[in-house]
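Shown next: target06.txt, containing compact mmCIF, C-alpha atoms.
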```txt
# COMPACT_ATOMS: atom_id res chain seq x y z
CA MET A 1 16.04 18.79 -0.90
CA ARG A 2 16.13 17.56 2.68
CA TYR A 3 14.25 14.31 3.16
CA LEU A 4 12.69 13.64 6.56
CA SER A 5 11.22 10.18 5.99
CA ALA A 6 10.93 7.41 3.43
CA ARG A 7 7.22 8.19 3.03
CA GLN A 8 7.97 11.81 2.15
CA MET A 9 10.62 10.63 -0.30
CA VAL A 10 8.09 8.52 -2.18
CA PHE A 11 5.59 11.39 -2.35
CA ASP A 12 8.13 13.99 -3.47
CA ALA A 13 9.85 11.71 -5.98
CA TYR A 14 6.66 10.80 -7.82
CA ARG A 15 5.32 14.34 -7.63
CA GLY A 16 8.49 15.58 -9.33
CA GLN A 17 8.32 12.93 -12.04
CA GLN A 18 4.59 12.87 -12.79
CA GLY A 19 3.85 12.52 -16.47
CA SER A 20 6.96 10.52 -17.34
CA VAL A 21 7.70 8.37 -14.33
CA MET A 22 9.21 5.32 -16.05
CA ALA A 23 11.09 7.23 -18.72
CA GLY A 24 12.20 9.81 -16.22
CA ALA A 25 13.57 7.21 -13.82
CA SER A 26 15.71 5.50 -16.47
CA GLU A 27 16.98 8.76 -17.92
CA ILE A 28 17.84 10.10 -14.49
CA ALA A 29 19.67 6.88 -13.62
CA GLU A 30 21.85 7.28 -16.72
CA LEU A 31 22.45 10.94 -15.97
CA LYS A 32 23.39 10.13 -12.40
CA ALA A 33 26.05 7.70 -13.55
CA LYS A 34 27.57 10.35 -15.82
CA ILE A 35 27.74 13.24 -13.37
CA GLN A 36 28.13 11.45 -10.05
CA LYS A 37 31.77 12.50 -9.73
CA THR A 38 30.99 16.17 -10.23
CA GLN A 39 27.67 16.39 -8.39
CA LYS A 40 29.21 18.19 -5.40
CA GLN A 41 30.27 21.02 -7.65
CA ASN A 42 26.89 21.28 -9.36
CA ASN A 43 24.66 23.94 -7.84
CA ASP A 44 21.64 23.26 -10.03
CA TRP A 45 19.12 22.07 -7.43
CA ARG A 46 16.76 20.81 -10.10
CA ILE A 47 19.32 18.31 -11.37
CA VAL A 48 20.18 17.21 -7.87
CA HIS A 49 16.51 16.80 -7.00
CA GLY A 50 15.97 14.88 -10.23
CA LEU A 51 18.78 12.49 -9.38
CA GLU A 52 17.41 11.92 -5.90
CA SER A 53 13.91 11.37 -7.26
CA GLY A 54 15.24 8.87 -9.77
CA ALA A 55 16.99 6.94 -7.02
CA VAL A 56 13.81 6.82 -4.93
CA ILE A 57 11.63 5.72 -7.85
CA SER A 58 14.19 3.08 -8.75
CA ALA A 59 14.15 1.81 -5.15
CA VAL A 60 10.35 1.54 -5.31
CA GLU A 61 10.04 0.02 -8.76
CA SER A 62 12.74 -2.62 -8.31
CA GLN A 63 10.53 -4.32 -5.71
CA PRO A 64 7.84 -6.97 -6.28
CA GLN A 65 4.71 -5.56 -7.86
CA HIS A 66 2.57 -5.61 -4.72
CA LEU A 67 5.22 -3.71 -2.73
CA GLN A 68 5.53 -1.10 -5.48
CA ALA A 69 1.76 -0.78 -5.37
CA MET A 70 1.87 -0.36 -1.60
CA CYS A 71 4.28 2.58 -1.88
CA ARG A 72 2.35 4.36 -4.59
CA TYR A 73 -1.06 3.69 -3.06
CA CYS A 74 -0.19 4.81 0.46
CA TRP A 75 2.26 7.66 -0.19
CA GLY A 76 2.20 8.62 -3.86
CA PRO A 77 0.68 11.96 -5.00
CA PHE A 78 -1.99 10.26 -7.09
CA THR A 79 -5.77 10.29 -7.29
CA ARG A 80 -7.80 7.18 -6.45
CA ASP A 81 -8.54 6.74 -10.17
CA GLU A 82 -4.83 6.80 -10.97
CA LEU A 83 -4.25 4.23 -8.24
CA ALA A 84 -6.93 1.76 -9.39
CA GLU A 85 -4.39 -0.65 -10.92
CA ASP A 86 -2.17 -0.55 -7.84
CA MET A 87 -5.16 -1.25 -5.61
CA GLU A 88 -6.04 -4.24 -7.81
CA TRP A 89 -2.51 -5.59 -7.41
CA LEU A 90 -2.62 -5.12 -3.65
CA HIS A 91 -6.01 -6.80 -3.41
CA LEU A 92 -5.01 -9.79 -5.52
CA SER A 93 -1.80 -10.27 -3.55
CA LEU A 94 -3.59 -9.93 -0.21
CA VAL A 95 -6.25 -12.49 -1.10
CA ARG A 96 -3.59 -14.89 -2.42
CA THR A 97 -1.60 -14.54 0.79
CA MET A 98 -4.72 -15.44 2.78
CA MET A 99 -5.49 -18.56 0.73
CA SER A 100 -3.91 -20.85 3.33
CA ALA A 101 -5.63 -19.16 6.27
CA ARG A 102 -8.65 -20.73 7.94
CA LEU A 103 -11.80 -18.65 7.69
CA PRO A 104 -14.88 -18.38 9.89
CA GLY A 105 -17.44 -21.03 8.95
CA GLN A 106 -14.85 -23.29 7.38
CA GLY A 107 -14.90 -25.85 10.20
CA ASP A 108 -13.04 -29.04 9.32
CA LYS A 109 -13.55 -28.63 5.60
CA SER A 110 -10.46 -28.49 3.42
CA ARG A 111 -11.86 -25.46 1.62
CA PRO A 112 -13.92 -22.60 3.01
CA PRO A 113 -17.46 -22.18 1.64
CA ALA A 114 -18.02 -19.73 -1.22
CA LYS A 115 -19.74 -17.27 1.11
CA ALA A 116 -16.64 -17.11 3.32
CA TRP A 117 -14.45 -16.41 0.28
CA ARG A 118 -16.75 -13.61 -0.81
CA THR A 119 -16.50 -12.08 2.65
CA LEU A 120 -12.71 -12.43 2.65
CA THR A 121 -12.32 -10.72 -0.73
CA ALA A 122 -14.60 -7.90 0.41
CA LEU A 123 -12.69 -7.47 3.68
CA ALA A 124 -9.43 -7.33 1.71
CA TRP A 125 -10.70 -4.27 -0.20
CA ALA A 126 -11.69 -2.62 3.06
CA ALA A 127 -8.38 -3.47 4.75
CA ILE A 128 -6.38 -1.85 1.94
CA TYR A 129 -8.46 1.32 2.15
CA HIS A 130 -8.21 1.30 5.95
CA HIS A 131 -4.43 0.92 5.85
CA GLY A 132 -4.06 3.82 3.43
CA GLU A 133 -6.12 6.02 5.75
CA VAL A 134 -4.46 5.23 9.09
CA THR A 135 -0.87 5.15 7.87
CA TYR A 136 1.53 7.99 8.69
CA PRO A 137 1.52 10.89 7.78
CA TYR A 138 -2.28 10.87 7.26
CA ASN A 139 -3.22 9.22 10.58
CA ARG A 140 -6.92 9.29 9.76
CA GLN A 141 -9.46 7.21 11.62
CA GLY A 142 -9.95 4.63 8.91
CA LEU A 143 -12.62 1.94 9.26
CA VAL A 144 -13.25 1.31 12.95
CA GLY A 145 -15.44 -1.71 13.59
CA PRO A 146 -17.77 -3.82 11.47
CA ARG A 147 -20.38 -1.11 10.88
CA ALA A 148 -17.84 1.24 9.31
CA ILE A 149 -16.43 -1.62 7.22
CA LYS A 150 -19.88 -2.69 5.98
CA ARG A 151 -20.87 0.91 5.19
CA TRP A 152 -17.67 1.54 3.20
CA LEU A 153 -18.04 -1.69 1.23
CA GLU A 154 -21.64 -0.86 0.35
CA ASP A 155 -20.89 2.76 -0.58
CA GLU A 156 -17.62 2.27 -2.43
CA LYS A 157 -17.77 -1.28 -3.78
CA GLY A 158 -21.46 -2.08 -3.88
CA LEU A 159 -20.83 -5.16 -1.73
CA THR A 160 -23.03 -6.39 1.09
CA ILE A 161 -21.56 -8.80 3.65
CA ASN A 162 -22.78 -10.29 6.90
CA LEU A 163 -20.58 -9.43 9.89
CA HIS A 164 -23.11 -10.07 12.65
CA HIS A 165 -20.69 -12.40 14.44
CA TRP A 166 -17.75 -10.02 14.07
CA SER A 167 -16.01 -11.06 17.27
CA ARG A 168 -16.41 -14.30 19.23
CA SER A 169 -14.34 -15.76 22.04
CA ASP A 170 -15.34 -19.37 21.40
CA ARG A 171 -14.41 -19.69 17.74
CA LEU A 172 -12.67 -18.07 14.79
CA SER A 173 -14.40 -14.83 13.81
CA TRP A 174 -14.14 -12.17 11.12
CA SER A 175 -12.35 -9.83 13.52
CA ASP A 176 -9.54 -12.43 13.57
CA THR A 177 -9.41 -12.37 9.77
CA TRP A 178 -9.39 -8.56 9.81
CA ARG A 179 -6.38 -8.61 12.16
CA GLN A 180 -4.60 -11.02 9.82
CA LEU A 181 -5.23 -8.76 6.83
CA THR A 182 -4.03 -5.61 8.59
CA THR A 183 -0.97 -7.41 9.98
CA ILE A 184 0.02 -8.50 6.47
CA LEU A 185 -0.35 -4.92 5.22
CA ASP A 186 1.75 -3.62 8.12
CA ASP A 187 4.48 -6.08 7.16
CA TRP A 188 4.31 -5.08 3.51
CA GLU A 189 4.59 -1.43 4.48
CA SER A 190 7.77 -2.11 6.40
CA ARG A 191 9.25 -4.17 3.56
CA SER A 192 8.31 -1.68 0.84
CA LEU A 193 9.77 1.30 2.69
CA GLY A 194 13.03 -0.44 3.59
CA PRO A 195 14.87 0.14 0.28
CA VAL A 196 13.69 3.77 0.24
CA ALA A 197 14.68 4.39 3.85
CA ALA A 198 18.18 3.18 3.00
CA LEU A 199 18.53 6.29 0.82
CA VAL A 200 17.77 8.75 3.66
CA PRO A 201 21.38 9.20 4.89
CA ARG A 202 22.57 9.93 1.36
CA ALA A 203 19.70 12.33 0.62
CA ALA A 204 19.71 14.09 4.00
```

Show the structure stored in the file as structure tokens.
Amino acid sequence: MRYLSARQMVFDAYRGQQGSVMAGASEIAELKAKIQKTQKQNNDWRIVHGLESGAVISAVESQPQHLQAMCRYCWGPFTRDELAEDMEWLHLSLVRTMMSARLPGQGDKSRPPAKAWRTLTALAWAAIYHHGEVTYPYNRQGLVGPRAIKRWLEDEKGLTINLHHWSRSDRLSWSDTWRQLTTILDDWESRSLGPVAALVPRAA
């Protein structure tokens, strides 16, 4: 198989190993060690593809849990139901990362009010969905603006939040928080794909 990008590698590797991902990855790793010296003489493309898939899955699943979840959620060949646990991991990690950030309405208080935390946790769900939509190769529109975010949260999560003061020039606003969330996810995408991208020259 000829890999064109790290994102494609993640998709193809998990598609080829669906049904026995963890077992398959360990078995393939052992097999790779045994036949590495003779791989060039082996014309069985299924074995070669299996070895490559095992290497990709190993590169994904040796990372911290939230980065594994990022790879599978954004580029894996899974349904949303199958990805529920990964989305939970991403959400928990994203909210934890934002714990030290100042939120709208916090003022000089050491802790933001409960309402601000509820809005943050809701926006984190929306940001994860948005990132999965706009990321390459999908390049979909995602959630553009507060109305789209509110509508998605109500339809998909049953959450209602107030984003009337989405953007303000005179103080911290929820659009600032949204930018922080999406910037974190962009960084995680880069970090999660790095170990997989390192395999491209060997797989190409």

Interatomic distance, atom CA of A:Ile184 to atom CA of A:Trp75 (Å, one decimal):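 So the answer is 17.6 Å.
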
Nearest residue to A:Tyr138 from the set A:Ala198, A:Cys74, A:Ala55, A:Met9 (distances using all atoms listed in the file): A:Cys74

Nearby residues, (-12.1, -3.6, 4.2) file frame, 8 Å, only C-alpha atoms, as a VMD selection string: chain A and resid 122 to 130 143 149 152 to 153 178

Using atom CA of A:Glu156 and atom CA of A:Thr182 as the two end points, give the distance in Å to one decimal.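 Between atom CA of A:Glu156 and atom CA of A:Thr182 the gap is 19.2 Å.
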
What is the distance, in Å and to one decimal place, between atom CA of A:Phe78 and atom CA of A:Ala13?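 Computing the Euclidean distance for atom CA of A:Phe78 and atom CA of A:Ala13 yields 12.0 Å.
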
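Residue nearest A:Arg118 within the list A:Ser62, A:Ala84, A:Asn162, A:Val56: A:Asn162 [criterion: smallest interatomic distance, all atoms listed in the file].
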
Proximity to A:Gln65 - best of A:Leu199, A:His164, A:Trp188, A:Glu82, only C-alpha atoms: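 Nearest to A:Gln65: A:Trp188.
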
What's the 9 Å shell around A:Ala197, counting only C-alpha atoms, without same-chain residues fewer than 6 positions away, as a list in words?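 The neighbour list is Ser5, Ala6, Arg7 and Met9 of chain A.
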
So, counting only C-alpha atoms, which residue among A:His66, A:Tyr136, A:Pro104, A:Pro77 is closest to A:Trp89?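 Answer, going by the shortest atom-to-atom distance: A:His66.
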
Best match for closeness to A:His91 among A:Leu181, A:Ser173, A:Arg168, A:Ile57, counting all atoms listed in the file: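 When distances to A:His91 are compared using all atoms listed in the file, the smallest one comes from A:Leu181.
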
Leaving out A:Ser100 and any residue of its chain fewer than 4 positions from it, which residues lie within 10 Å of it when counting only C-alpha atoms, given as number ranges by chain? A: 95-96, 111

Set the distance at 9 Å and use all atoms listed in the file: which residues neighbour A:Gly76 once local chain neighbours fewer than 5 positions away are removed? I'd like the list as a ChimeraX atom specification. /A:7-8,10-15,71,83

Store the residues picked out above, limited to C-alpha atoms, as an mmCIF file, keeping the file's coordinate frame.
```
data_model
loop_
_atom_site.group_PDB
_atom_site.id
_atom_site.type_symbol
_atom_site.label_atom_id
_atom_site.label_comp_id
_atom_site.auth_asym_id
_atom_site.auth_seq_id
_atom_site.Cartn_x
_atom_site.Cartn_y
_atom_site.Cartn_z
ATOM 1 C CA ARG A 7 7.220 8.190 3.030
ATOM 2 C CA GLN A 8 7.970 11.810 2.150
ATOM 3 C CA VAL A 10 8.090 8.520 -2.180
ATOM 4 C CA PHE A 11 5.590 11.390 -2.350
ATOM 5 C CA ASP A 12 8.130 13.990 -3.470
ATOM 6 C CA ALA A 13 9.850 11.710 -5.980
ATOM 7 C CA TYR A 14 6.660 10.800 -7.820
ATOM 8 C CA ARG A 15 5.320 14.340 -7.630
ATOM 9 C CA CYS A 71 4.280 2.580 -1.880
ATOM 10 C CA LEU A 83 -4.250 4.230 -8.240
#
```

With distances taken over all atoms listed in the file, which of A:Asp170, A:Leu103, A:Val200, A:Gln180 is nearest to A:Glu52? A:Val200
